[in-house]
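Trainee: Here you go, one structure.
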Amino acid sequence: MVVERRLYFLFGLLLGLGFAPASAQLVHPKASPAQTIIQDVGLCQVQVSYSRPAVRGRQIFGNLVPYGRIWRVGANESTKIKFSCPVRIAGNKVPAGTYALYAFPQEDLWEIAIHKDTTHWGDGRQNYSPQDDLLRFTTYPQTRTTVTENFQIGFDQITHEGMDMYWRWDRLELRFAIEVDTQAEMEKQIATALQNNPTAQTYYEAARYLQESDRDYSRALGYLDQALELGGDTYYFHRVRSLVLAALGRYEEAVAAAGKSLKLAEAEGKDEFVRMNQKNIEKWNKLKD
């Protein structure tokens, strides 16, 4: 009996000191799984971390997500968006950094908030302060014919200068533009690179950027001529040169450049470039007449 009393005493002492027998803790899957997406745009990167609730037969907007009240743009924690460089949203400057995304849905229009305080759980409710909004802007939801079961954030219409961010859930889609100033940064890089022993590839990359940006074709042509002079004939130098000449309306020269690219690509087994050049030659031959 004495031994038993001593054991009970020791057990109670251990509990009092915070030592308890180990117990199994379940790690269960979340009903609204987390996702992080990363998208490069121009020279910037945008990262979004959010959770993806499902429709599961429920009425979503105006019910599960009430109109006229703050929404966390997903589930669980607040949705975070991170910009690696300054951007513009709805004409407003947004410095590089991490922000919380909130929405204020209405039936016909939504307010979107880029919020500086990222510490709130979910939508913050009473702790949320509009004074911590970096900006708010309005956008208009559209109705889609297909259902998106799990809430989805994504990007499309991506160019060197920006992209659309879209949200889809149930039959609703909402989107807005994110703009980046790639041109200013690229012009700085081009100027610096051309002052420091530029190679054929340097000139080619500068020309390719201008061609893909649909601007300054005469300068791009000069860079390509320099690339050919320094680096010799390559199928990709001549291909971009053909595209630049066509953009300048010089279709006969564009056909000749595409012909050179085709032969060089054929010799290297680059079938896709052979086909692309053939298609362009056919198109430009009609335009030059």
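Chain identifiers are assigned as A, B, and so on, following the order in which chains appear in the structure tokens; residues are numbered from 1 within each chain, and ligands are numbered from 1 in order of appearance.
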I'd like the contact shell of Gly222 in chain A - 10 Å cut-off, only C-alpha atoms, skipping same-chain residues fewer than 6 positions apart - returned as a VMD selection string.
Mentor: chain A and resid 203 to 204 207 241
Trainee: Taking the chain letters and numbering used in this document, name the residues of range 176-259 of chain A that DSSP puts in helix (DSSP H, G or I), as a VMD selection string.
Mentor: chain A and resid 182 to 194 200 to 212 217 to 231 235 to 247 251 to 259
Trainee: Quick one: which range 111-150 of chain A residues come within 6 Å of range 87-101 of chain A, and what is the nearest atom pair for each with the distance in Å to one decimal, counting only C-alpha atoms, rows ordered by chain and ascending number, as a Markdown table?
Mentor:
| residue | atom | partner | partner_atom | distance |
| --- | --- | --- | --- | --- |
| A:Ala113 | CA | A:Leu101 | CA | 5.9 |
| A:Ile114 | CA | A:Leu101 | CA | 5.3 |
| A:His115 | CA | A:Ala100 | CA | 5.0 |
| A:Lys116 | CA | A:Tyr99 | CA | 5.3 |
| A:Thr118 | CA | A:Ala100 | CA | 5.2 |
Trainee: Counting only C-alpha atoms, what is within 9 Å of range 157-165 of chain A, bar same-chain residues fewer than 3 positions away, as a ChimeraX atom specification?
Mentor: /A:40-43,87,153-154,174-183,212-213
Trainee: Using DSSP assignments from the backbone, pull out every residue in range 46-176 of chain A that falls under strand (DSSP E or B) and give it to me as a short mmCIF file (atom, residue, chain, number, x, y, z; two decimals) with C-alpha atoms, in the first residue's frame.
Mentor:
data_model
loop_
_atom_site.label_atom_id
_atom_site.label_comp_id
_atom_site.auth_asym_id
_atom_site.auth_seq_id
_atom_site.Cartn_x
_atom_site.Cartn_y
_atom_site.Cartn_z
CA VAL A 46 3.85 37.65 -57.89
CA GLN A 47 3.11 35.02 -55.23
CA VAL A 48 -0.33 34.26 -53.79
CA SER A 49 -0.99 31.97 -50.79
CA TYR A 50 -4.62 31.08 -50.12
CA SER A 51 -7.02 28.27 -49.22
CA ALA A 54 -15.43 23.94 -52.25
CA PHE A 61 -22.34 34.35 -53.03
CA VAL A 65 -20.19 34.57 -48.63
CA TRP A 71 -14.45 38.24 -47.12
CA THR A 79 -5.06 35.41 -48.44
CA LYS A 80 -1.57 36.86 -48.91
CA ILE A 81 -0.16 38.42 -52.08
CA LYS A 82 3.54 39.22 -52.46
CA PHE A 83 5.10 41.47 -55.12
CA VAL A 87 3.31 47.24 -59.51
CA ARG A 88 0.20 49.21 -60.45
CA ILE A 89 -3.32 48.00 -59.70
CA ASN A 92 -2.55 52.88 -58.16
CA LYS A 93 1.08 52.30 -57.20
CA VAL A 94 1.67 49.30 -54.96
CA GLY A 97 6.03 43.71 -50.36
CA THR A 98 3.48 41.32 -48.88
CA TYR A 99 -0.16 42.27 -48.35
CA ALA A 100 -3.45 40.69 -47.31
CA LEU A 101 -6.19 40.50 -49.93
CA TYR A 102 -9.76 41.21 -48.83
CA ALA A 103 -13.00 41.64 -50.72
CA PHE A 104 -16.34 43.30 -50.04
CA PRO A 105 -18.79 41.52 -52.36
CA TRP A 110 -17.04 44.21 -55.59
CA GLU A 111 -14.56 46.31 -53.64
CA ILE A 112 -11.09 44.79 -53.41
CA ALA A 113 -8.71 45.83 -50.62
CA ILE A 114 -4.92 45.57 -50.68
CA HIS A 115 -4.32 45.57 -46.93
CA ASP A 133 -5.80 49.52 -46.52
CA LEU A 134 -3.07 50.50 -48.95
CA LEU A 135 -5.80 50.90 -51.54
CA ARG A 136 -9.32 49.89 -52.45
CA PHE A 137 -10.75 49.60 -55.93
CA THR A 138 -13.92 48.30 -57.54
CA THR A 139 -14.40 45.60 -60.14
CA GLN A 142 -19.09 38.08 -64.43
CA THR A 143 -21.21 34.93 -64.63
CA ARG A 144 -19.64 31.88 -66.26
CA THR A 145 -21.44 28.94 -67.86
CA THR A 146 -19.24 26.37 -66.10
CA VAL A 147 -18.86 25.72 -62.38
CA THR A 148 -15.52 25.99 -60.58
CA GLU A 149 -15.93 23.65 -57.62
CA ASN A 150 -12.94 24.81 -55.56
CA PHE A 151 -12.23 28.52 -55.27
CA GLN A 152 -9.42 29.34 -57.69
CA ILE A 153 -7.00 32.24 -58.09
CA GLY A 154 -4.95 32.41 -61.29
CA PHE A 155 -3.33 34.61 -63.91
CA ASP A 156 -3.66 34.97 -67.66
CA GLN A 157 -3.27 37.54 -70.47
CA ILE A 158 0.40 37.67 -69.42
CA THR A 159 2.69 40.08 -71.29
CA GLY A 162 1.38 43.01 -66.97
CA MET A 163 -1.34 40.40 -66.62
CA ASP A 164 -4.85 39.76 -65.35
CA MET A 165 -5.47 38.20 -61.98
CA TYR A 166 -8.72 36.23 -61.83
CA TRP A 167 -10.82 34.66 -59.08
CA ARG A 168 -13.28 31.87 -59.91
CA TRP A 169 -15.74 30.09 -57.70
CA ASP A 170 -19.06 28.47 -58.50
CA ARG A 171 -20.21 30.36 -61.63
CA LEU A 172 -18.59 33.67 -60.74
CA GLU A 173 -15.43 35.13 -62.23
CA LEU A 174 -13.80 38.37 -61.17
CA ARG A 175 -10.61 39.82 -62.67
CA PHE A 176 -8.39 42.89 -62.54
#
